[in-house]
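The next block is structure-v6.cif, given as mmCIF, C-alpha atoms and all ligand atoms.
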data_target
#
loop_
_atom_site.group_PDB
_atom_site.id
_atom_site.type_symbol
_atom_site.label_atom_id
_atom_site.label_comp_id
_atom_site.auth_asym_id
_atom_site.auth_seq_id
_atom_site.Cartn_x
_atom_site.Cartn_y
_atom_site.Cartn_z
ATOM 1 C CA PHE A 1 97.997 125.285 34.996
ATOM 2 C CA ARG A 2 100.288 127.926 33.527
ATOM 3 C CA HIS A 3 102.271 130.656 35.154
ATOM 4 C CA GLY A 4 102.269 132.861 32.043
ATOM 5 C CA GLN A 5 103.772 136.297 31.723
ATOM 6 C CA PRO A 6 103.420 138.774 34.557
ATOM 7 C CA GLY A 7 100.347 140.812 33.731
ATOM 8 C CA GLU A 8 98.540 137.898 32.182
ATOM 9 C CA VAL A 9 96.434 135.037 33.395
ATOM 10 C CA THR A 10 95.885 132.243 30.878
ATOM 11 C CA ILE A 11 93.010 129.857 31.405
ATOM 12 C CA ASP A 12 92.341 126.723 29.406
ATOM 13 C CA THR A 13 88.689 126.260 28.507
ATOM 14 C CA PRO A 14 87.121 123.567 26.308
ATOM 15 C CA ASN A 15 86.978 126.192 23.536
ATOM 16 C CA GLY A 16 90.699 126.968 23.901
ATOM 17 C CA ALA A 17 92.994 129.119 26.014
ATOM 18 C CA VAL A 18 91.722 132.542 27.073
ATOM 19 C CA VAL A 19 94.169 135.196 28.235
ATOM 20 C CA PHE A 20 93.271 137.982 30.658
ATOM 21 C CA GLY A 21 95.632 140.946 30.391
ATOM 22 C CA GLU A 22 96.260 144.430 29.114
ATOM 23 C CA GLN A 23 97.759 143.239 25.825
ATOM 24 C CA HIS A 24 94.861 140.919 25.048
ATOM 25 C CA PRO A 25 91.299 141.350 23.792
ATOM 26 C CA LEU A 26 88.518 142.081 26.261
ATOM 27 C CA VAL A 27 87.270 138.896 27.981
ATOM 28 C CA VAL A 28 83.596 138.805 28.917
ATOM 29 C CA VAL A 29 82.177 136.562 31.643
ATOM 30 C CA ALA A 30 78.386 136.266 31.681
ATOM 31 C CA GLY A 31 75.629 134.232 33.239
ATOM 32 C CA PRO A 32 73.027 134.179 35.944
ATOM 33 C CA CYS A 33 73.603 135.129 39.556
ATOM 34 C CA SER A 34 72.561 131.600 40.607
ATOM 35 C CA VAL A 35 72.331 128.278 38.830
ATOM 36 C CA GLU A 36 68.596 127.579 39.100
ATOM 37 C CA ASN A 37 67.946 124.528 36.920
ATOM 38 C CA GLU A 38 69.432 122.639 33.987
ATOM 39 C CA GLN A 39 67.338 124.245 31.303
ATOM 40 C CA MET A 40 68.100 127.839 32.307
ATOM 41 C CA ILE A 41 71.827 127.346 32.777
ATOM 42 C CA ILE A 42 72.279 125.553 29.456
ATOM 43 C CA GLU A 43 70.139 128.056 27.606
ATOM 44 C CA THR A 44 72.041 130.962 29.167
ATOM 45 C CA ALA A 45 75.405 129.336 28.404
ATOM 46 C CA LEU A 46 74.563 128.857 24.744
ATOM 47 C CA ARG A 47 73.187 132.355 24.357
ATOM 48 C CA VAL A 48 76.061 134.164 26.012
ATOM 49 C CA LYS A 49 78.527 132.050 24.050
ATOM 50 C CA GLN A 50 76.751 133.028 20.847
ATOM 51 C CA ALA A 51 77.088 136.692 21.829
ATOM 52 C CA GLY A 52 80.836 136.327 22.404
ATOM 53 C CA ALA A 53 81.313 135.549 26.102
ATOM 54 C CA LYS A 54 84.248 133.262 26.957
ATOM 55 C CA PHE A 55 83.165 132.223 30.456
ATOM 56 C CA LEU A 56 79.898 131.272 32.099
ATOM 57 C CA ARG A 57 79.344 132.490 35.640
ATOM 58 C CA GLY A 58 76.725 131.075 38.000
ATOM 59 C CA GLY A 59 76.519 130.567 41.739
ATOM 60 C CA ALA A 60 76.075 127.130 43.265
ATOM 61 C CA TYR A 61 76.843 128.362 46.793
ATOM 62 C CA LYS A 62 75.374 131.823 47.341
ATOM 63 C CA PRO A 63 76.320 134.319 50.063
ATOM 64 C CA ARG A 64 72.878 135.780 50.827
ATOM 65 C CA THR A 65 72.152 138.558 53.290
ATOM 66 C CA SER A 66 69.094 136.755 54.636
ATOM 67 C CA PRO A 67 69.264 133.144 55.800
ATOM 68 C CA TYR A 68 65.768 132.710 54.388
ATOM 69 C CA ALA A 69 66.752 133.760 50.862
ATOM 70 C CA PHE A 70 67.677 131.168 48.207
ATOM 71 C CA GLN A 71 71.093 129.803 49.171
ATOM 72 C CA GLY A 72 71.988 128.109 45.867
ATOM 73 C CA HIS A 73 71.580 124.454 44.942
ATOM 74 C CA GLY A 74 75.107 123.527 46.064
ATOM 75 C CA GLU A 75 76.541 120.283 44.744
ATOM 76 C CA SER A 76 73.704 119.598 42.334
ATOM 77 C CA ALA A 77 74.323 123.024 40.778
ATOM 78 C CA LEU A 78 77.957 122.030 40.228
ATOM 79 C CA GLU A 79 76.733 119.133 38.107
ATOM 80 C CA LEU A 80 74.601 121.534 36.078
ATOM 81 C CA LEU A 81 77.610 123.804 35.557
ATOM 82 C CA ALA A 82 79.585 120.805 34.303
ATOM 83 C CA ALA A 83 76.758 120.063 31.862
ATOM 84 C CA ALA A 84 76.705 123.688 30.686
ATOM 85 C CA ARG A 85 80.482 123.594 30.240
ATOM 86 C CA ALA A 86 80.202 120.478 28.103
ATOM 87 C CA ALA A 87 77.319 121.900 26.063
ATOM 88 C CA SER A 88 78.893 125.310 25.390
ATOM 89 C CA GLY A 89 82.645 124.853 25.721
ATOM 90 C CA LEU A 90 82.710 127.936 27.953
ATOM 91 C CA GLY A 91 84.989 128.110 30.971
ATOM 92 C CA ILE A 92 83.160 128.096 34.310
ATOM 93 C CA ILE A 93 83.491 130.646 37.117
ATOM 94 C CA THR A 94 81.701 129.956 40.381
ATOM 95 C CA GLU A 95 82.028 131.100 43.974
ATOM 96 C CA VAL A 96 83.680 129.265 46.849
ATOM 97 C CA MET A 97 82.411 130.194 50.324
ATOM 98 C CA ASP A 98 83.873 127.403 52.430
ATOM 99 C CA THR A 99 87.317 125.795 52.518
ATOM 100 C CA ALA A 100 85.585 122.407 52.706
ATOM 101 C CA ASP A 101 84.062 122.880 49.225
ATOM 102 C CA ILE A 102 87.209 123.907 47.321
ATOM 103 C CA GLU A 103 88.086 120.478 46.004
ATOM 104 C CA LYS A 104 84.691 119.578 44.611
ATOM 105 C CA ILE A 105 84.193 123.046 43.105
ATOM 106 C CA ALA A 106 87.637 122.864 41.489
ATOM 107 C CA GLN A 107 86.599 119.670 39.708
ATOM 108 C CA VAL A 108 84.049 121.679 37.709
ATOM 109 C CA ALA A 109 85.242 125.296 37.740
ATOM 110 C CA ASP A 110 87.994 126.769 35.588
ATOM 111 C CA VAL A 111 88.213 129.791 37.897
ATOM 112 C CA LEU A 112 87.335 129.953 41.603
ATOM 113 C CA GLN A 113 85.506 133.122 42.614
ATOM 114 C CA LEU A 114 86.178 134.595 46.022
ATOM 115 C CA GLY A 115 83.269 136.931 46.706
ATOM 116 C CA ALA A 116 83.176 140.435 48.126
ATOM 117 C CA ARG A 117 81.943 139.191 51.498
ATOM 118 C CA ASN A 118 84.901 136.822 51.833
ATOM 119 C CA MET A 119 87.651 139.084 50.534
ATOM 120 C CA GLN A 120 89.292 139.053 53.954
ATOM 121 C CA ASN A 121 88.407 135.498 54.921
ATOM 122 C CA PHE A 122 92.028 134.637 55.570
ATOM 123 C CA ALA A 123 91.500 130.910 56.019
ATOM 124 C CA LEU A 124 89.850 130.790 52.605
ATOM 125 C CA LEU A 125 92.539 133.006 51.030
ATOM 126 C CA LYS A 126 95.288 130.715 52.322
ATOM 127 C CA LYS A 127 93.570 127.538 51.113
ATOM 128 C CA ILE A 128 92.851 129.079 47.724
ATOM 129 C CA GLY A 129 96.474 130.187 47.474
ATOM 130 C CA ALA A 130 97.608 126.629 48.134
ATOM 131 C CA GLN A 131 95.681 125.129 45.201
ATOM 132 C CA ASN A 132 96.296 125.763 41.524
ATOM 133 C CA LYS A 133 93.009 126.882 39.955
ATOM 134 C CA PRO A 134 92.994 130.529 38.849
ATOM 135 C CA VAL A 135 91.162 132.844 41.227
ATOM 136 C CA LEU A 136 88.787 135.757 40.722
ATOM 137 C CA LEU A 137 89.109 137.977 43.785
ATOM 138 C CA LYS A 138 86.251 140.427 44.203
ATOM 139 C CA ARG A 139 86.806 143.660 46.073
ATOM 140 C CA GLY A 140 85.129 143.747 49.472
ATOM 141 C CA MET A 141 82.227 146.143 49.635
ATOM 142 C CA ALA A 142 84.086 148.405 52.053
ATOM 143 C CA ALA A 143 87.663 147.445 51.227
ATOM 144 C CA THR A 144 90.365 149.932 50.381
ATOM 145 C CA ILE A 145 92.512 149.207 47.342
ATOM 146 C CA GLU A 146 95.373 148.386 49.699
ATOM 147 C CA GLU A 147 93.315 145.845 51.644
ATOM 148 C CA TRP A 148 92.193 144.297 48.362
ATOM 149 C CA LEU A 149 95.777 143.995 47.095
ATOM 150 C CA MET A 150 96.884 142.498 50.407
ATOM 151 C CA ALA A 151 94.116 139.914 50.110
ATOM 152 C CA ALA A 152 95.444 139.088 46.629
ATOM 153 C CA GLU A 153 98.909 138.862 48.132
ATOM 154 C CA TYR A 154 97.738 136.031 50.419
ATOM 155 C CA ILE A 155 96.872 133.986 47.335
ATOM 156 C CA LEU A 156 100.121 134.865 45.545
ATOM 157 C CA ALA A 157 102.167 134.184 48.668
ATOM 158 C CA GLY A 158 100.543 130.766 48.877
ATOM 159 C CA GLY A 159 102.070 129.955 45.499
ATOM 160 C CA ASN A 160 99.146 130.620 43.159
ATOM 161 C CA PRO A 161 100.067 133.434 40.705
ATOM 162 C CA ASN A 162 96.820 133.379 38.728
ATOM 163 C CA VAL A 163 94.700 136.047 40.348
ATOM 164 C CA ILE A 164 92.264 138.396 38.590
ATOM 165 C CA LEU A 165 90.970 141.420 40.511
ATOM 166 C CA CYS A 166 87.265 142.233 40.162
ATOM 167 C CA GLU A 167 85.752 145.580 41.125
ATOM 168 C CA ARG A 168 82.044 145.118 41.914
ATOM 169 C CA GLY A 169 81.105 148.422 43.526
ATOM 170 C CA ILE A 170 81.689 149.734 47.024
ATOM 171 C CA ARG A 171 79.383 151.039 49.748
ATOM 172 C CA THR A 172 79.110 154.794 49.805
ATOM 173 C CA PHE A 173 76.687 157.220 51.456
ATOM 174 C CA ASP A 174 74.237 157.003 48.563
ATOM 175 C CA SER A 175 72.575 153.696 47.788
ATOM 176 C CA ARG A 176 69.187 155.099 46.876
ATOM 177 C CA TYR A 177 69.458 154.884 43.103
ATOM 178 C CA THR A 178 72.270 152.379 42.717
ATOM 179 C CA ARG A 179 73.082 149.281 44.786
ATOM 180 C CA ASN A 180 76.749 150.246 45.074
ATOM 181 C CA THR A 181 79.107 152.893 43.734
ATOM 182 C CA LEU A 182 81.113 151.326 40.916
ATOM 183 C CA ASP A 183 84.659 152.568 41.369
ATOM 184 C CA LEU A 184 86.056 152.752 37.853
ATOM 185 C CA SER A 185 89.028 154.748 39.078
ATOM 186 C CA VAL A 186 90.530 151.424 40.168
ATOM 187 C CA ILE A 187 91.373 150.707 36.530
ATOM 188 C CA PRO A 188 94.165 153.285 36.157
ATOM 189 C CA VAL A 189 95.094 153.002 39.841
ATOM 190 C CA LEU A 190 95.578 149.219 39.722
ATOM 191 C CA ARG A 191 97.611 149.586 36.532
ATOM 192 C CA LYS A 192 100.125 151.610 38.513
ATOM 193 C CA LEU A 193 100.138 149.285 41.522
ATOM 194 C CA THR A 194 99.953 145.723 40.220
ATOM 195 C CA HIS A 195 100.466 143.476 37.223
ATOM 196 C CA LEU A 196 97.292 141.502 37.981
ATOM 197 C CA PRO A 197 94.504 141.570 35.355
ATOM 198 C CA ILE A 198 91.427 143.667 36.038
ATOM 199 C CA MET A 199 87.739 142.775 35.756
ATOM 200 C CA ILE A 200 84.776 145.111 36.239
ATOM 201 C CA ASP A 201 81.325 143.889 37.335
ATOM 202 C CA PRO A 202 78.761 146.577 36.449
ATOM 203 C CA SER A 203 75.886 144.271 37.447
ATOM 204 C CA HIS A 204 76.621 144.200 41.188
ATOM 205 C CA GLY A 205 78.187 147.632 40.733
ATOM 206 C CA THR A 206 74.881 149.286 39.845
ATOM 207 C CA GLY A 207 72.220 146.754 40.857
ATOM 208 C CA LYS A 208 69.984 147.832 37.974
ATOM 209 C CA SER A 209 70.023 146.316 34.516
ATOM 210 C CA ASP A 210 69.242 149.675 32.870
ATOM 211 C CA TYR A 211 72.568 151.058 34.060
ATOM 212 C CA VAL A 212 74.728 148.061 33.215
ATOM 213 C CA PRO A 213 75.461 148.810 29.524
ATOM 214 C CA ALA A 214 76.679 152.367 30.167
ATOM 215 C CA MET A 215 79.001 151.258 32.939
ATOM 216 C CA ALA A 216 80.266 148.311 30.911
ATOM 217 C CA MET A 217 81.170 150.691 28.095
ATOM 218 C CA ALA A 218 82.800 153.120 30.520
ATOM 219 C CA ALA A 219 84.898 150.309 31.993
ATOM 220 C CA VAL A 220 86.095 149.262 28.552
ATOM 221 C CA ALA A 221 86.866 152.863 27.631
ATOM 222 C CA ALA A 222 88.918 153.147 30.832
ATOM 223 C CA GLY A 223 90.934 150.070 29.875
ATOM 224 C CA THR A 224 89.528 147.109 31.814
ATOM 225 C CA ASP A 225 90.801 143.688 30.757
ATOM 226 C CA SER A 226 87.502 141.945 31.368
ATOM 227 C CA LEU A 227 83.857 142.325 32.362
ATOM 228 C CA MET A 228 81.473 140.208 34.436
ATOM 229 C CA ILE A 229 77.817 140.649 33.501
ATOM 230 C CA GLU A 230 74.772 138.918 34.960
ATOM 231 C CA VAL A 231 72.436 137.514 32.305
ATOM 232 C CA HIS A 232 69.210 135.602 32.972
ATOM 233 C CA PRO A 233 66.697 134.214 30.466
ATOM 234 C CA ASN A 234 63.837 135.671 32.518
ATOM 235 C CA PRO A 235 65.133 138.312 34.961
ATOM 236 C CA ALA A 236 61.670 138.919 36.460
ATOM 237 C CA LYS A 237 61.624 135.306 37.684
ATOM 238 C CA ALA A 238 65.257 135.072 38.828
ATOM 239 C CA LEU A 239 65.874 133.564 42.283
ATOM 240 C CA SER A 240 68.596 136.144 42.937
ATOM 241 C CA ASP A 241 69.675 139.479 41.440
ATOM 242 C CA GLY A 242 66.953 139.652 38.781
ATOM 243 C CA PRO A 243 66.785 143.476 38.827
ATOM 244 C CA GLN A 244 70.402 143.753 37.695
ATOM 245 C CA SER A 245 70.356 140.908 35.161
ATOM 246 C CA LEU A 246 70.301 141.564 31.427
ATOM 247 C CA THR A 247 68.136 139.442 29.157
ATOM 248 C CA PRO A 248 70.114 137.429 26.599
ATOM 249 C CA GLU A 249 68.795 139.809 23.905
ATOM 250 C CA ARG A 250 70.039 142.889 25.747
ATOM 251 C CA PHE A 251 73.389 141.214 26.416
ATOM 252 C CA ASP A 252 73.716 140.345 22.755
ATOM 253 C CA ARG A 253 73.103 143.969 21.749
ATOM 254 C CA LEU A 254 75.667 145.182 24.280
ATOM 255 C CA MET A 255 78.284 142.776 22.937
ATOM 256 C CA ARG A 256 77.662 143.193 19.233
ATOM 257 C CA SER A 257 77.037 146.881 18.956
ATOM 258 C CA GLU A 258 77.852 149.030 21.972
ATOM 259 C CA LEU A 259 80.937 147.211 23.252
ATOM 260 C CA ALA A 260 82.167 146.295 19.792
ATOM 261 C CA VAL A 261 82.409 149.992 18.919
ATOM 262 C CA ILE A 262 84.188 150.978 22.144
ATOM 263 C CA ALA A 263 86.565 148.010 22.124
ATOM 264 C CA GLN A 264 87.763 148.930 18.628
ATOM 265 C CA ALA A 265 88.090 152.647 19.277
HETATM 266 C C1 LIG B 301 78.125 137.295 42.664
HETATM 267 O O1 LIG B 301 79.013 137.443 41.828
HETATM 268 O O2 LIG B 301 77.054 136.711 42.433
HETATM 269 C C2 LIG B 301 78.295 137.896 43.999
HETATM 270 C C3 LIG B 301 77.678 137.403 45.085
HETATM 271 O O3 LIG B 301 79.095 138.955 43.955
HETATM 272 P P1 LIG B 301 79.722 139.849 45.128
HETATM 273 O O4 LIG B 301 80.569 138.925 45.944
HETATM 274 O O5 LIG B 301 80.499 140.870 44.364
HETATM 275 O O6 LIG B 301 78.579 140.456 45.896
HETATM 276 MN MN MN B 302 74.629 138.210 41.892
#

Spit out the file's structure as structure tokens when you get a sec.
Ligand code: PEP
Ligand code: MN
Amino acid sequence: FRHGQPGEVTIDTPNGAVVFGEQHPLVVVAGPCSVENEQMIIETALRVKQAGAKFLRGGAYKPRTSPYAFQGHGESALELLAAARAASGLGIITEVMDTADIEKIAQVADVLQLGARNMQNFALLKKIGAQNKPVLLKRGMAATIEEWLMAAEYILAGGNPNVILCERGIRTFDSRYTRNTLDLSVIPVLRKLTHLPIMIDPSHGTGKSDYVPAMAMAAVAAGTDSLMIEVHPNPAKALSDGPQSLTPERFDRLMRSELAVIAQA
């Protein structure tokens, strides 16, 4: 656990330290919405690593709108994430929904994700602020920038300085063609307001895989420090968020050609 320079969050992964911050190269986090089985999570980990991702994402505990939808495999998915971490050397980012799960998730995860639906779960914010794993704080789907920064402040005030802010799209009047409205204006706005590193999630931001590459490129052009992108070996069969998941091939193309050009420009 390192405090680092203001404006940076440094995370040790099996493949080495990765720094999130304005003065550092773009960090890409990729992986499926949910951890479904051992084969798919290991295959995805190896493929996104090959394409240049530094972290594997994947939900073990899923916040689903319907109680009848797939809820994640829970503890057994944590074991699969540990196996994927060992196989790929990637850092692991996975969501915490309940204060009771923090300890066991922290044994496997390099970064704890606090999801959009829990951005103002103050009990969770306080507990997460009192432990020392870095935190990815997603913007609530109807949260103002001020509310989001105050949520981050709970974690910082608890003594944990390693917070990354992730924009994942907000609710607006029009959700017919996109799942959310991805608010890329947060990139320059947050730069003025906070030293915390910025991540953009164009997958939840658009809800449609066809739109993800353009918004990923736009986010990089606007100066994001990092991206979170959902990738699934067979999006049509995914147990959650298939429509917005890139195939490993499409992710590879995004990383090696489209993003490589923008990131160097
Ligand atoms: C996720 O990252 O899979 C997720 C549930 O995201 P959000 O909290 O942004 O909806
Ligand atoms: Mn998802």

Requested in this report: Rank nothing, just name the residue among A:Val27, A:Val18, A:Ile229, A:Ala45 nearest to ligand MN 302 (chain B), using all atoms listed in the file.
Outcome: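 Going through A:Val27, A:Val18, A:Ile229, A:Ala45 one by one, the smallest distance to ligand MN 302 (chain B) is for A:Ile229.
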
Query - One-decimal distance in Å that lies between CA of Ser34 in chain A and CA of Gly74 in chain A - result: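 One can read the CA of Gly74 in chain A to CA of Ser34 in chain A distance as 10.1 Å.
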
Query raised in the report: So which residues are near ligand LIG 301 (chain B), meaning at most 7 Å away with only C-alpha atoms and all ligand atoms counted, given back as a PyMOL selection string?
Result: chain A and resi 33+59+62-63+115-117+138+168+204

Written as a JSON list (two decimals) with C-alpha atoms, in the coordinates of the input, which residues does the PyMOL selection byres (((not hetatm)) within 12 of (chain B and resi 302)) give for the file shown?
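Saved file expr.json follows:
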[["chain", "number", "residue", "atom", "x", "y", "z"],
["A", 30, "ALA", "CA", 78.39, 136.27, 31.68],
["A", 31, "GLY", "CA", 75.63, 134.23, 33.24],
["A", 32, "PRO", "CA", 73.03, 134.18, 35.94],
["A", 33, "CYS", "CA", 73.60, 135.13, 39.56],
["A", 34, "SER", "CA", 72.56, 131.60, 40.61],
["A", 35, "VAL", "CA", 72.33, 128.28, 38.83],
["A", 57, "ARG", "CA", 79.34, 132.49, 35.64],
["A", 58, "GLY", "CA", 76.72, 131.07, 38.00],
["A", 59, "GLY", "CA", 76.52, 130.57, 41.74],
["A", 60, "ALA", "CA", 76.08, 127.13, 43.26],
["A", 61, "TYR", "CA", 76.84, 128.36, 46.79],
["A", 62, "LYS", "CA", 75.37, 131.82, 47.34],
["A", 63, "PRO", "CA", 76.32, 134.32, 50.06],
["A", 64, "ARG", "CA", 72.88, 135.78, 50.83],
["A", 65, "THR", "CA", 72.15, 138.56, 53.29],
["A", 70, "PHE", "CA", 67.68, 131.17, 48.21],
["A", 71, "GLN", "CA", 71.09, 129.80, 49.17],
["A", 72, "GLY", "CA", 71.99, 128.11, 45.87],
["A", 94, "THR", "CA", 81.70, 129.96, 40.38],
["A", 95, "GLU", "CA", 82.03, 131.10, 43.97],
["A", 115, "GLY", "CA", 83.27, 136.93, 46.71],
["A", 116, "ALA", "CA", 83.18, 140.44, 48.13],
["A", 168, "ARG", "CA", 82.04, 145.12, 41.91],
["A", 179, "ARG", "CA", 73.08, 149.28, 44.79],
["A", 201, "ASP", "CA", 81.32, 143.89, 37.34],
["A", 202, "PRO", "CA", 78.76, 146.58, 36.45],
["A", 203, "SER", "CA", 75.89, 144.27, 37.45],
["A", 204, "HIS", "CA", 76.62, 144.20, 41.19],
["A", 205, "GLY", "CA", 78.19, 147.63, 40.73],
["A", 206, "THR", "CA", 74.88, 149.29, 39.84],
["A", 207, "GLY", "CA", 72.22, 146.75, 40.86],
["A", 208, "LYS", "CA", 69.98, 147.83, 37.97],
["A", 209, "SER", "CA", 70.02, 146.32, 34.52],
["A", 228, "MET", "CA", 81.47, 140.21, 34.44],
["A", 229, "ILE", "CA", 77.82, 140.65, 33.50],
["A", 230, "GLU", "CA", 74.77, 138.92, 34.96],
["A", 231, "VAL", "CA", 72.44, 137.51, 32.30],
["A", 232, "HIS", "CA", 69.21, 135.60, 32.97],
["A", 235, "PRO", "CA", 65.13, 138.31, 34.96],
["A", 238, "ALA", "CA", 65.26, 135.07, 38.83],
["A", 239, "LEU", "CA", 65.87, 133.56, 42.28],
["A", 240, "SER", "CA", 68.60, 136.14, 42.94],
["A", 241, "ASP", "CA", 69.68, 139.48, 41.44],
["A", 242, "GLY", "CA", 66.95, 139.65, 38.78],
["A", 243, "PRO", "CA", 66.78, 143.48, 38.83],
["A", 244, "GLN", "CA", 70.40, 143.75, 37.70],
["A", 245, "SER", "CA", 70.36, 140.91, 35.16],
["A", 246, "LEU", "CA", 70.30, 141.56, 31.43]]

Requested in this report: Run through the PyMOL selection byres (((chain A and resi 171) around 8) and not hetatm) on the given coordinates and return the selected residues as a ChimeraX atom specification.
Outcome: /A:141-142,169-170,172-175,180-181

Report task. Figure out the distance between CA of Ala260 in chain A and CA of Ile145 in chain A, please, to one decimal in Å. Result -> 29.6 Å

Query raised in the report: Using all atoms listed in the file, which of the listed residues (A:Ile42, A:Val29, A:Ala69, A:Ala109) sits closest to Asp12 in chain A?
Result: A:Ala109

Requested in this report: Pull out every residue that the PyMOL selection byres (((chain A and resi 126-132) around 6) and not hetatm) matches in the shown coordinates and put them as a PyMOL selection string.
Outcome: chain A and resi 123-125+133+155+158-160

Report summary line: Taken to one decimal, the CA of Leu81 in chain A-CA of Tyr211 in chain A distance is 27.8 Å

Using all atoms listed in the file - which residues lie no farther than 7 Å from the point (94.8, 136.0, 28.2) in the file's frame? Write them as a compact mmCIF listing (two decimals) with C-alpha atoms, keeping the file's coordinate frame.
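Below is the file out-v2.txt, written as the result:
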# COMPACT_ATOMS: atom_id res chain seq x y z
CA GLU A 8 98.54 137.90 32.18
CA VAL A 9 96.43 135.04 33.40
CA THR A 10 95.88 132.24 30.88
CA VAL A 18 91.72 132.54 27.07
CA VAL A 19 94.17 135.20 28.24
CA PHE A 20 93.27 137.98 30.66
CA GLY A 21 95.63 140.95 30.39
CA HIS A 24 94.86 140.92 25.05

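Closest approach to Ile262 in chain A among A:Leu26, A:Met97, A:Ala151, A:Leu156 is made by A:Leu26 (distances from all atoms listed in the file).
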
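Distance check against Pro14 in chain A using all atoms listed in the file: of A:Asp110, A:Glu249, A:Asp225, A:Glu153, the minimum falls on A:Asp110.
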
Report task. Would you list the contacts of Leu165 in chain A as a list in words, taking every protein, DNA or RNA residue within 8 Å and counting only C-alpha atoms, but skipping same-chain residues closer than 6 positions in sequence? Result -> Leu136, Leu137, Lys138, Arg139, Ala152, Leu196, Pro197, Ile198 and Met199 of chain A

**Report entry** Nearest candidate to Gln50 in chain A (options A:Met215, A:Ala263, A:Ala77, A:Met255; using only C-alpha atoms)
**Finding:**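 Distance minimum relative to Gln50 in chain A lands on A:Met255.
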
Query raised in the report: So which one's closest to Thr144 in chain A, A:Ala157, A:Asp101, A:Thr224, A:Leu190? Using all atoms listed in the file, please.
Result: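 The closest residue to Thr144 in chain A is A:Leu190.
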